[in-house]
file my_file-v5.cif (mmCIF, C-alpha atoms)
data_run
loop_
_atom_site.label_atom_id
_atom_site.label_comp_id
_atom_site.auth_asym_id
_atom_site.auth_seq_id
_atom_site.Cartn_x
_atom_site.Cartn_y
_atom_site.Cartn_z
CA MET O 1 251.15 288.56 165.71
CA PRO O 2 248.68 288.08 168.60
CA VAL O 3 246.72 285.30 166.89
CA ARG O 4 249.88 283.22 166.47
CA LEU O 5 251.15 283.68 170.03
CA GLY O 6 247.98 283.56 172.09
CA GLY O 7 247.23 287.28 172.16
CA THR O 8 243.59 286.83 171.13
CA ARG O 9 240.86 284.30 171.86
CA ASN O 10 240.25 281.11 169.86
CA PRO O 11 243.12 281.43 167.37
CA ARG O 12 243.20 279.05 164.39
CA GLU O 13 246.00 278.54 161.88
CA GLN O 14 246.40 276.64 158.61
CA TRP O 15 249.61 276.08 156.62
CA PHE O 16 249.44 276.04 152.81
CA PHE O 17 251.52 276.44 149.62
CA ASP O 18 251.03 279.68 147.71
CA PRO O 19 251.58 278.90 143.96
CA ASP O 20 251.21 282.59 143.13
CA ASP O 21 254.24 283.46 145.23
CA GLY O 22 256.81 280.91 144.07
CA TYR O 23 255.39 277.95 146.07
CA LYS O 24 256.32 279.45 149.43
CA ILE O 25 254.92 277.97 152.59
CA LYS O 26 252.58 280.47 154.21
CA THR O 27 250.18 280.45 157.13
CA MET O 28 246.57 281.56 157.28
CA TYR O 29 245.27 282.78 160.67
CA THR O 30 241.85 283.61 162.05
CA SER O 31 240.39 284.21 165.52
CA ASP O 32 237.40 285.70 167.34
CA GLN O 33 239.01 289.13 167.04
CA ILE O 34 239.55 288.78 163.27
CA ASP O 35 236.03 287.39 162.78
CA LYS O 36 234.56 290.41 164.57
CA ALA O 37 236.67 292.86 162.56
CA TYR O 38 235.49 291.18 159.34
CA LYS O 39 231.81 291.31 160.38
CA ASP O 40 232.20 295.00 161.34
CA GLY O 41 233.62 295.70 157.86
CA ASN O 42 237.03 296.79 159.17
CA ILE O 43 238.99 294.20 157.17
CA ALA O 44 238.40 292.68 153.72
CA ASN O 45 238.85 288.98 154.62
CA PRO O 46 238.06 286.87 157.70
CA TYR O 47 241.69 285.72 157.91
CA VAL O 48 245.28 286.99 157.90
CA ILE O 49 248.08 285.50 155.76
CA ALA O 50 251.65 285.83 156.92
CA ASP O 51 255.09 284.63 155.85
CA PRO O 52 256.49 282.17 158.44
CA LYS O 53 259.91 283.81 158.57
CA VAL O 54 258.21 287.05 159.65
CA LEU O 55 256.21 285.26 162.31
CA PHE O 56 259.10 283.45 163.88
CA ALA O 57 261.08 286.66 164.09
CA HIS O 58 258.26 288.38 166.02
CA GLU O 59 257.93 288.25 169.81
CA SER O 60 254.75 289.06 171.66
CA PRO O 61 253.41 288.28 175.11
CA ARG O 62 250.99 285.38 175.42
CA ILE O 63 247.67 285.56 177.21
CA ASP O 64 247.60 283.27 180.22
CA PRO O 65 244.58 280.94 180.53
CA ILE O 66 243.27 282.57 183.71
CA ASP O 67 239.76 281.16 183.17
CA LYS O 68 241.19 277.67 183.62
CA GLU O 69 243.32 278.79 186.55
CA PHE O 70 240.33 280.36 188.30
CA ARG O 71 238.23 277.21 187.86
CA GLU O 72 241.06 275.12 189.29
CA PHE O 73 241.31 277.49 192.24
CA VAL O 74 237.58 277.11 192.93
CA ALA O 75 237.75 273.31 192.73
CA GLN O 76 240.83 273.06 194.96
CA THR O 77 239.91 275.72 197.52
CA PHE O 78 236.16 275.52 198.15
CA TYR O 79 235.45 271.80 197.56
CA ASP O 80 236.83 268.53 198.90
CA LYS O 81 237.97 265.58 196.79
CA ASP O 82 234.35 264.39 196.52
CA LYS O 83 233.35 267.81 195.12
CA LYS O 84 231.39 268.70 198.25
CA PRO O 85 231.63 272.28 199.60
CA LEU O 86 233.98 272.65 202.56
CA GLU O 87 232.14 273.51 205.78
CA GLN O 88 234.54 276.39 206.51
CA PHE O 89 233.07 278.30 203.56
CA LEU O 90 229.43 277.65 204.51
CA MET O 91 227.16 279.36 207.02
CA LYS O 92 226.21 277.31 210.06
CA GLU O 93 222.50 278.05 209.77
CA GLU O 94 220.32 275.73 207.69
CA SER O 95 217.02 276.49 205.98
CA THR O 96 214.27 274.24 204.65
CA VAL O 97 212.99 274.73 201.10
CA GLU O 98 210.00 272.96 199.57
CA TYR O 99 209.70 272.46 195.81
CA VAL O 100 208.25 270.16 193.15
CA ASP O 101 210.66 267.97 191.17
CA ALA O 102 210.48 267.10 187.47
CA ASN O 103 208.24 264.10 188.20
CA GLY O 104 205.70 266.21 190.08
CA ASN O 105 206.76 264.96 193.52
CA LYS O 106 206.62 267.48 196.33
CA MET O 107 210.13 267.63 197.78
CA GLN O 108 211.86 269.15 200.77
CA LYS O 109 215.57 270.03 200.93
CA ILE O 110 217.88 271.35 203.61
CA VAL O 111 220.23 274.05 202.30
CA LYS O 112 223.08 276.17 203.58
CA ALA O 113 224.19 279.52 202.24
CA TRP O 114 227.79 280.26 201.31
CA ASN O 115 229.74 282.30 203.84
CA GLU O 116 230.39 285.21 201.50
CA PRO O 117 233.01 287.02 203.67
CA ALA O 118 235.05 283.80 203.95
CA VAL O 119 234.77 283.14 200.22
CA LEU O 120 235.76 286.70 199.35
CA ALA O 121 238.75 286.64 201.73
CA ALA O 122 240.11 283.49 200.05
CA TRP O 123 239.73 285.10 196.62
CA GLN O 124 241.39 288.32 197.74
CA ASN O 125 244.44 286.45 199.02
CA TYR O 126 244.70 284.45 195.79
CA ILE O 127 244.17 287.44 193.49
CA GLY O 128 246.57 289.61 195.49
CA ALA O 129 249.37 287.07 195.09
CA LYS O 130 248.69 286.68 191.34
CA ALA O 131 248.58 290.45 190.81
CA LYS O 132 251.99 290.89 192.47
CA SER O 133 253.36 288.15 190.24
CA TYR O 134 251.96 289.80 187.10
CA SER O 135 253.34 293.19 188.15
CA LYS O 136 256.85 291.82 187.56
CA TYR O 137 255.97 290.81 183.99
CA PRO O 138 254.30 293.91 182.49
CA ASN O 139 253.96 292.48 178.97
CA GLN O 140 251.85 289.57 180.21
CA ALA O 141 249.92 291.89 182.51
CA LYS O 142 249.15 294.35 179.69
CA ALA O 143 248.12 291.54 177.32
CA LEU O 144 245.67 290.23 179.93
CA TRP O 145 244.53 293.78 180.74
CA ASP O 146 243.59 294.62 177.14
CA THR O 147 241.96 291.30 176.20
CA VAL O 148 240.43 289.03 178.83
CA LEU O 149 239.94 291.74 181.46
CA GLU O 150 238.91 294.27 178.77
CA GLN O 151 240.12 297.10 180.99
CA GLY O 152 242.02 298.86 178.23
CA ARG O 153 238.71 300.18 176.90
CA ASN O 154 236.18 299.75 179.70
CA ILE O 155 237.45 301.88 182.56
CA LEU O 156 234.48 303.67 184.15
CA THR O 157 234.01 305.79 187.23
CA THR O 158 231.06 307.74 188.68
CA ASP O 159 230.25 311.41 189.12
CA LYS O 160 229.01 313.02 192.35
CA GLN O 161 225.47 311.85 191.64
CA GLY O 162 226.62 308.25 191.18
CA ASN O 163 226.13 308.20 187.42
CA PRO O 164 228.74 306.22 185.41
CA THR O 165 231.18 308.32 183.39
CA GLN O 166 233.92 307.38 180.91
CA THR O 167 237.05 308.55 182.67
CA TYR O 168 239.49 307.29 180.05
CA SER O 169 237.84 307.62 176.65
CA ASP O 170 240.78 305.95 174.90
CA GLY O 171 241.25 303.31 177.58
CA TYR O 172 243.47 303.19 180.63
CA ALA O 173 247.03 302.05 179.99
CA LEU O 174 249.10 300.35 182.68
CA SER O 175 252.26 302.30 183.49
CA ALA O 176 255.82 301.09 183.99
CA SER O 177 257.34 301.22 187.45
CA ASP O 178 258.49 304.55 188.86
CA GLY O 179 261.21 302.82 190.82
CA THR O 180 259.13 300.88 193.33
CA PRO O 181 261.34 297.94 194.41
CA GLY O 182 260.22 294.49 193.31
CA THR O 183 257.73 295.60 190.66
CA ALA O 184 257.65 296.38 186.96
CA LEU O 185 254.32 298.23 187.19
CA THR O 186 253.73 301.26 189.38
CA ALA O 187 252.45 300.52 192.87
CA ILE O 188 249.12 302.17 192.00
CA ASP O 189 248.70 300.17 188.78
CA THR O 190 249.56 296.96 190.60
CA GLY O 191 246.61 297.65 192.90
CA VAL O 192 244.38 298.63 189.96
CA PHE O 193 245.32 295.42 188.17
CA ALA O 194 244.46 293.37 191.27
CA GLU O 195 241.04 295.04 191.54
CA SER O 196 240.36 294.28 187.88
CA MET O 197 241.28 290.61 188.34
CA LEU O 198 239.10 290.35 191.44
CA SER O 199 236.18 291.84 189.52
CA TYR O 200 236.69 289.33 186.69
CA ALA O 201 236.95 286.52 189.24
CA GLY O 202 233.32 287.23 190.15
CA ASN O 203 232.38 285.09 187.13
CA PHE O 204 233.87 282.05 188.86
CA MET O 205 233.08 282.63 192.52
CA PRO O 206 230.81 280.22 194.32
CA PRO O 207 227.99 279.92 195.02
CA GLU O 208 226.76 278.42 191.79
CA GLY O 209 223.33 277.62 193.20
CA GLU O 210 222.35 276.24 196.58
CA VAL O 211 224.35 273.92 198.75
CA VAL O 212 222.02 271.02 199.47
CA SER O 213 222.70 269.14 202.67
CA LYS O 214 219.94 266.58 202.20
CA SER O 215 216.55 266.19 200.55
CA LYS O 216 213.49 263.99 200.89
CA VAL O 217 210.06 263.41 199.38
CA ILE O 218 207.18 264.96 201.29
CA LYS O 219 204.19 262.66 201.40
CA PRO O 220 201.02 264.54 200.47
CA LYS O 221 198.58 265.18 203.29
CA THR O 222 195.30 263.28 203.17
CA ALA O 223 192.70 265.52 201.58
CA THR O 224 189.76 266.45 203.81
CA ASP O 225 186.15 266.24 202.66
CA PHE O 226 186.19 270.02 202.27
CA ASP O 227 189.34 269.84 200.10
CA LYS O 228 187.70 267.24 197.88
CA LYS O 229 184.49 269.24 197.51
CA GLU O 230 186.39 272.44 196.81
CA SER O 231 188.47 270.71 194.15
CA ILE O 232 185.29 269.51 192.43
CA ARG O 233 183.73 272.97 192.71
CA ARG O 234 186.77 274.64 191.13
CA ARG O 235 186.79 272.20 188.20
CA THR O 236 183.05 272.68 187.68
CA ALA O 237 183.37 276.47 187.79
CA ALA O 238 186.27 276.44 185.33
CA ASN O 239 184.34 274.21 182.91
CA ASP O 240 181.21 276.37 183.15
CA PHE O 241 183.09 279.60 182.46
CA LYS O 242 184.83 277.90 179.54
CA ALA O 243 181.33 277.18 178.24
CA VAL O 244 180.50 280.89 178.56
CA GLU O 245 183.54 281.79 176.49
CA MET O 246 182.61 279.17 173.88
CA TYR O 247 179.10 280.68 173.75
CA LEU O 248 180.61 284.09 173.04
CA GLU O 249 182.76 282.66 170.27
CA ALA O 250 179.76 280.93 168.70
CA GLU O 251 177.22 283.78 169.04
CA GLY O 252 179.64 286.68 168.61
CA GLN O 253 177.95 288.63 171.40
CA LEU O 254 176.05 288.45 174.67
CA PRO O 255 172.26 288.85 174.61
CA GLN O 256 171.46 292.35 173.38
CA LEU O 257 169.32 294.52 175.63
CA PRO O 258 166.48 296.02 173.53
CA THR O 259 165.88 299.77 173.44
CA LEU O 260 162.16 299.34 174.16
CA PRO O 261 160.88 298.59 177.71
CA LEU O 262 161.03 294.98 178.91
CA PHE O 263 157.99 295.36 181.16
CA LEU O 264 154.79 297.36 180.67
CA GLN O 265 152.30 297.70 183.51
CA GLY O 266 153.96 294.78 185.31
CA ALA O 267 153.87 292.39 182.34
CA LEU O 268 156.63 291.38 179.95
CA THR O 269 156.53 293.02 176.54
CA ASN O 270 157.36 291.11 173.37
CA GLU O 271 160.91 292.55 173.56
CA GLY O 272 161.05 291.51 177.21
CA GLU O 273 159.97 287.95 176.42
CA LYS O 274 162.60 287.67 173.69
CA PHE O 275 165.35 289.08 175.90
CA LYS O 276 164.38 286.76 178.78
CA THR O 277 164.53 283.82 176.37
CA ASP O 278 168.00 284.92 175.20
CA ILE O 279 169.23 285.08 178.81
CA MET O 280 167.69 281.68 179.55
CA ASN O 281 169.34 280.14 176.49
CA LEU O 282 172.69 281.57 177.55
CA ALA O 283 172.38 280.08 181.03
CA THR O 284 171.13 276.71 179.78
CA ARG O 285 173.79 276.34 177.09
CA THR O 286 176.55 277.10 179.63
CA ASN O 287 175.33 274.62 182.28
CA GLY O 288 173.54 277.27 184.34
CA GLU O 289 169.95 278.21 185.17
CA LEU O 290 167.95 281.41 185.00
CA ILE O 291 166.09 281.40 188.33
CA GLY O 292 164.75 284.94 188.24
CA PHE O 293 163.84 287.69 185.78
CA VAL O 294 161.98 290.48 187.54
CA GLU O 295 161.22 294.17 187.32
CA ASP O 296 162.21 296.50 190.13
CA ALA O 297 158.97 298.18 191.18
CA ARG O 298 160.78 301.36 192.17
CA THR O 299 163.14 301.86 189.16
CA GLY O 300 161.34 299.85 186.52
CA LEU O 301 164.64 298.15 185.59
CA VAL O 302 165.06 294.40 185.13
CA THR O 303 167.30 292.09 187.16
CA ALA O 304 168.21 288.61 185.99
CA GLU O 305 169.29 286.02 188.59
CA ILE O 306 171.50 283.14 187.39
CA LYS O 307 172.73 280.05 189.25
CA TYR O 308 175.58 277.60 188.45
CA ASP O 309 176.69 274.51 190.37
CA GLY O 310 180.22 275.90 190.68
CA ASN O 311 178.99 278.75 192.90
CA PRO O 312 177.02 278.08 196.09
CA ASN O 313 175.21 281.40 195.61
CA SER O 314 173.25 282.84 192.72
CA VAL O 315 174.30 286.12 191.12
CA ARG O 316 172.02 288.99 190.10
CA ILE O 317 172.76 290.97 186.93
CA THR O 318 171.00 294.30 186.56
CA GLU O 319 169.76 295.89 183.38
CA ASP O 320 172.45 298.60 183.63
CA GLU O 321 175.17 295.95 184.02
CA MET O 322 173.90 294.18 180.90
CA LYS O 323 174.60 297.34 178.89
CA SER O 324 178.35 296.80 179.37
CA PRO O 325 179.57 293.57 177.67
CA LYS O 326 182.74 293.52 179.76
CA LEU O 327 180.82 293.95 183.03
CA PHE O 328 178.14 291.47 181.86
CA LYS O 329 180.82 288.84 181.22
CA ALA O 330 182.51 289.57 184.59
CA LYS O 331 179.18 289.00 186.38
CA LEU O 332 178.78 285.69 184.53
CA LYS O 333 182.28 284.68 185.59
CA LYS O 334 181.34 285.26 189.21
CA ALA O 335 178.08 283.38 188.69
CA THR O 336 179.94 280.29 187.43
CA GLY O 337 182.19 280.40 190.49
CA ALA O 338 185.39 280.95 188.50
CA ASP O 339 185.77 284.36 190.21
CA LEU O 340 184.07 284.18 193.60
CA THR O 341 185.76 287.36 194.83
CA GLY O 342 184.40 289.46 191.95
CA ALA O 343 187.85 290.84 191.08
CA ASP O 344 186.98 290.97 187.37
CA ILE O 345 183.81 292.95 188.17
CA ILE O 346 185.84 295.63 189.95
CA THR O 347 188.30 295.79 187.05
CA ALA O 348 185.49 296.10 184.50
CA MET O 349 183.85 298.91 186.48
CA GLN O 350 187.16 300.78 186.76
CA GLU O 351 188.20 300.38 183.15
CA GLY O 352 184.91 300.85 181.31
CA GLU O 353 184.82 299.97 177.61
CA ASP O 354 183.80 300.78 174.09
CA GLN O 355 181.03 298.28 173.27
CA THR O 356 181.80 298.32 169.54
CA SER O 357 185.47 297.37 170.08
CA TYR O 358 184.44 294.56 172.43
CA PHE O 359 182.24 292.86 169.83
CA ASP O 360 184.71 293.43 167.00
CA GLN O 361 186.81 290.51 168.33
CA PHE O 362 183.99 288.06 167.49
CA LYS O 363 183.17 289.25 163.96
CA ASP O 364 185.44 286.77 162.21
CA ASN O 365 183.96 283.86 164.19
CA LYS O 366 180.47 284.18 162.75
#

call {"tool": "encode", "arguments": {"input": "my_file-v5.cif", "output": "structure tokens"}}
result
Amino acid sequence: MPVRLGGTRNPREQWFFDPDDGYKIKTMYTSDQIDKAYKDGNIANPYVIADPKVLFAHESPRIDPIDKEFREFVAQTFYDKDKKPLEQFLMKEESTVEYVDANGNKMQKIVKAWNEPAVLAAWQNYIGAKAKSYSKYPNQAKALWDTVLEQGRNILTTDKQGNPTQTYSDGYALSASDGTPGTALTAIDTGVFAESMLSYAGNFMPPEGEVVSKSKVIKPKTATDFDKKESIRRRTAANDFKAVEMYLEAEGQLPQLPTLPLFLQGALTNEGEKFKTDIMNLATRTNGELIGFVEDARTGLVTAEIKYDGNPNSVRITEDEMKSPKLFKAKLKKATGADLTGADIITAMQEGEDQTSYFDQFKDNK
């Protein structure tokens, strides 16, 4: 029984008296494999009960703890007694990496990369020797092959186009020796077994992160007057645009452009006066200022000019731009200084929008 003799992972056993069977001593076993079979509905109970006299008469190969052996190999081969990487497995070149630690300090560290060819060569020598040893004990090799290495059911190859294909649908079985001296597996399967072990060893190979030679705190550079002013400008712009978003949440919409003309014979109409007041209220309530509201003599369309402290320049918003809420908001974002490049304006112009769907998001906030 594999669970009793180490043929499956995490085996557990419990001895108990069975009063229904003449007070015989029996054993109850479970393991990861049995748990999975129970969850998949392949067995009725998450345990197996067996009579001890049957167990002790059964022989089965054990699964060697190769995970532990591989970790020990890593510790003994690639590190010294102080757990520092051996220089022979590191590249000679160093590189400098800057980062921020958990306390917010800007740090600098000197790192070296692992010498991957040297690391791989050491593993190949180690795995090759272990594979030859296992080839003389086929029961142990097959037990490892079908469980830890999972090769009995996961053998894959590729077709001419490089796509993975299932070569052995029922799993690949290791074969007994065909007479090759000194082995109990065939010479080919000994090599296949070694390749499988080397692939599995990839889970344990260094590097496990960077090899840090030394590190130090980088003292921040003294901020220039420009840096200080720019920092203040960015904070101001961010706060002003936040005020714009709060205005939208409170009002549910941007000022609505009326269908009637805003100017008539060079003078503001009643609709124009109301719309200008709406624009002025928007600017004032979001820490800005309406510094212009004029009619283009050639087109007859209105342009509003708005200024915020977070932007050294004012921004003009045309009547056509006010018809698109998304574009209107993008122009306001540039006006506040939160988007000096106007990236959101370009995006809004490319995407377009359905005005109804834009305002729907504010309905519940009224």

call {"tool": "closest_residue", "arguments": {"input": "my_file-v5.cif", "among": "O:Val148, O:Val100, O:Met205, O:Ala113", "to": "Arg71 in chain O", "atoms": "all atoms listed in the file"}}
result
O:Met205

call {"tool": "atom_distance", "arguments": {"input": "my_file-v5.cif", "atom1": "CA of Ala283 in chain O", "atom2": "CA of Phe226 in chain O"}}
result
27.3 Å

call {"tool": "residues_around", "arguments": {"input": "my_file-v5.cif", "residues": "Thr318 in chain O", "least_positions_apart": "2", "cutoff": "10 Å", "atoms": "only C-alpha atoms", "output": "short mmCIF file (atom, residue, chain, number, x, y, z; two decimals) with C-alpha atoms, keeping the file's coordinate frame"}}
result
data_model
loop_
_atom_site.label_atom_id
_atom_site.label_comp_id
_atom_site.auth_asym_id
_atom_site.auth_seq_id
_atom_site.Cartn_x
_atom_site.Cartn_y
_atom_site.Cartn_z
CA PHE O 293 163.84 287.69 185.78
CA VAL O 294 161.98 290.48 187.54
CA GLU O 295 161.22 294.17 187.32
CA ASP O 296 162.21 296.50 190.13
CA LEU O 301 164.64 298.15 185.59
CA VAL O 302 165.06 294.40 185.13
CA THR O 303 167.30 292.09 187.16
CA ALA O 304 168.21 288.61 185.99
CA GLU O 305 169.29 286.02 188.59
CA VAL O 315 174.30 286.12 191.12
CA ARG O 316 172.02 288.99 190.10
CA ASP O 320 172.45 298.60 183.63
CA GLU O 321 175.17 295.95 184.02
CA MET O 322 173.90 294.18 180.90
CA LYS O 323 174.60 297.34 178.89
CA PHE O 328 178.14 291.47 181.86
CA LYS O 331 179.18 289.00 186.38
#

call {"tool": "atom_distance", "arguments": {"input": "my_file-v5.cif", "atom1": "CA of Thr77 in chain O", "atom2": "CA of Gly202 in chain O"}}
result
15.2 Å

call {"tool": "closest_residue", "arguments": {"input": "my_file-v5.cif", "among": "O:Leu260, O:Val111, O:Ala184, O:Leu332", "to": "Leu248 in chain O", "atoms": "all atoms listed in the file"}}
result
O:Leu332

call {"tool": "closest_residue", "arguments": {"input": "my_file-v5.cif", "among": "O:Asp225, O:Glu87, O:Asp344, O:Asp146", "to": "Ser196 in chain O", "atoms": "all atoms listed in the file"}}
result
O:Asp146

call {"tool": "atom_distance", "arguments": {"input": "my_file-v5.cif", "atom1": "CA of Trp145 in chain O", "atom2": "CA of Leu185 in chain O"}}
result
12.5 Å

call {"tool": "resolve_selection", "arguments": {"input": "my_file-v5.cif", "expression": "the PyMOL selection byres ((chain O and resi 124) around 12)", "output": "ChimeraX atom specification"}}
result
/O:117-123,125-131,191,194-199,201-202,205

call {"tool": "closest_residue", "arguments": {"input": "my_file-v5.cif", "among": "O:Arg285, O:Ala173, O:Leu262, O:Thr236", "to": "Ala250 in chain O", "atoms": "all atoms listed in the file"}}
result
O:Arg285

call {"tool": "resolve_selection", "arguments": {"input": "my_file-v5.cif", "expression": "the PyMOL selection byres ((chain O and resi 289) around 9)", "output": "list in words"}}
result
Met280, Asn281, Leu282, Ala283, Thr284, Thr286, Asn287, Gly288, Leu290, Ile291, Glu305, Ile306, Lys307 and Tyr308 of chain O

call {"tool": "resolve_selection", "arguments": {"input": "my_file-v5.cif", "expression": "the PyMOL selection byres ((chain O and resi 96) around 8)", "output": "short mmCIF file (atom, residue, chain, number, x, y, z; two decimals) with C-alpha atoms, in the frame of the given file"}}
result
data_model
loop_
_atom_site.label_atom_id
_atom_site.label_comp_id
_atom_site.auth_asym_id
_atom_site.auth_seq_id
_atom_site.Cartn_x
_atom_site.Cartn_y
_atom_site.Cartn_z
CA GLU O 94 220.32 275.73 207.69
CA SER O 95 217.02 276.49 205.98
CA VAL O 97 212.99 274.73 201.10
CA GLU O 98 210.00 272.96 199.57
CA GLN O 108 211.86 269.15 200.77
CA LYS O 109 215.57 270.03 200.93
CA ILE O 110 217.88 271.35 203.61
CA VAL O 111 220.23 274.05 202.30
#

call {"tool": "closest_residue", "arguments": {"input": "my_file-v5.cif", "among": "O:Phe241, O:Phe73, O:Trp114, O:Phe78", "to": "Asp309 in chain O", "atoms": "only C-alpha atoms"}}
result
O:Phe241

call {"tool": "closest_residue", "arguments": {"input": "my_file-v5.cif", "among": "O:Gln350, O:Gln265, O:Asn313, O:Gln253", "to": "Ile279 in chain O", "atoms": "all atoms listed in the file"}}
result
O:Gln253

call {"tool": "decode", "arguments": {"input": "my_file-v5.cif", "residues": "range 271-284 of chain O", "atoms": "N, CA and C atoms", "output": "CSV table (one decimal), in the first residue's frame"}}
result
chain,number,residue,atom,x,y,z
O,271,GLU,N,-30.4,83.9,-22.7
O,271,GLU,CA,-29.8,82.6,-22.6
O,271,GLU,C,-28.3,82.7,-22.5
O,272,GLY,N,-27.7,83.7,-23.2
O,272,GLY,CA,-26.3,83.9,-23.1
O,272,GLY,C,-25.8,84.3,-21.7
O,273,GLU,N,-26.6,85.3,-21.1
O,273,GLU,CA,-26.2,85.7,-19.8
O,273,GLU,C,-26.3,84.6,-18.8
O,274,LYS,N,-27.4,83.7,-18.9
O,274,LYS,CA,-27.5,82.6,-18.0
O,274,LYS,C,-26.3,81.6,-18.1
O,275,PHE,N,-26.0,81.3,-19.4
O,275,PHE,CA,-24.9,80.4,-19.6
O,275,PHE,C,-23.6,80.9,-19.1
O,276,LYS,N,-23.4,82.2,-19.4
O,276,LYS,CA,-22.1,82.8,-18.9
O,276,LYS,C,-22.0,82.7,-17.4
O,277,THR,N,-23.2,83.0,-16.7
O,277,THR,CA,-23.2,82.9,-15.2
O,277,THR,C,-22.9,81.4,-14.8
O,278,ASP,N,-23.5,80.5,-15.5
O,278,ASP,CA,-23.2,79.1,-15.2
O,278,ASP,C,-21.7,78.7,-15.3
O,279,ILE,N,-21.1,79.2,-16.3
O,279,ILE,CA,-19.7,79.0,-16.5
O,279,ILE,C,-18.8,79.7,-15.4
O,280,MET,N,-19.3,80.9,-15.1
O,280,MET,CA,-18.6,81.6,-14.1
O,280,MET,C,-18.7,80.9,-12.7
O,281,ASN,N,-19.9,80.4,-12.4
O,281,ASN,CA,-20.1,79.7,-11.2
O,281,ASN,C,-19.2,78.4,-11.1
O,282,LEU,N,-19.1,77.7,-12.2
O,282,LEU,CA,-18.3,76.5,-12.3
O,282,LEU,C,-16.9,76.9,-12.0
O,283,ALA,N,-16.3,77.9,-12.6
O,283,ALA,CA,-14.9,78.3,-12.4
O,283,ALA,C,-14.7,78.8,-11.0
O,284,THR,N,-15.6,79.6,-10.4
O,284,THR,CA,-15.5,80.1,-9.1
O,284,THR,C,-15.5,79.0,-8.0
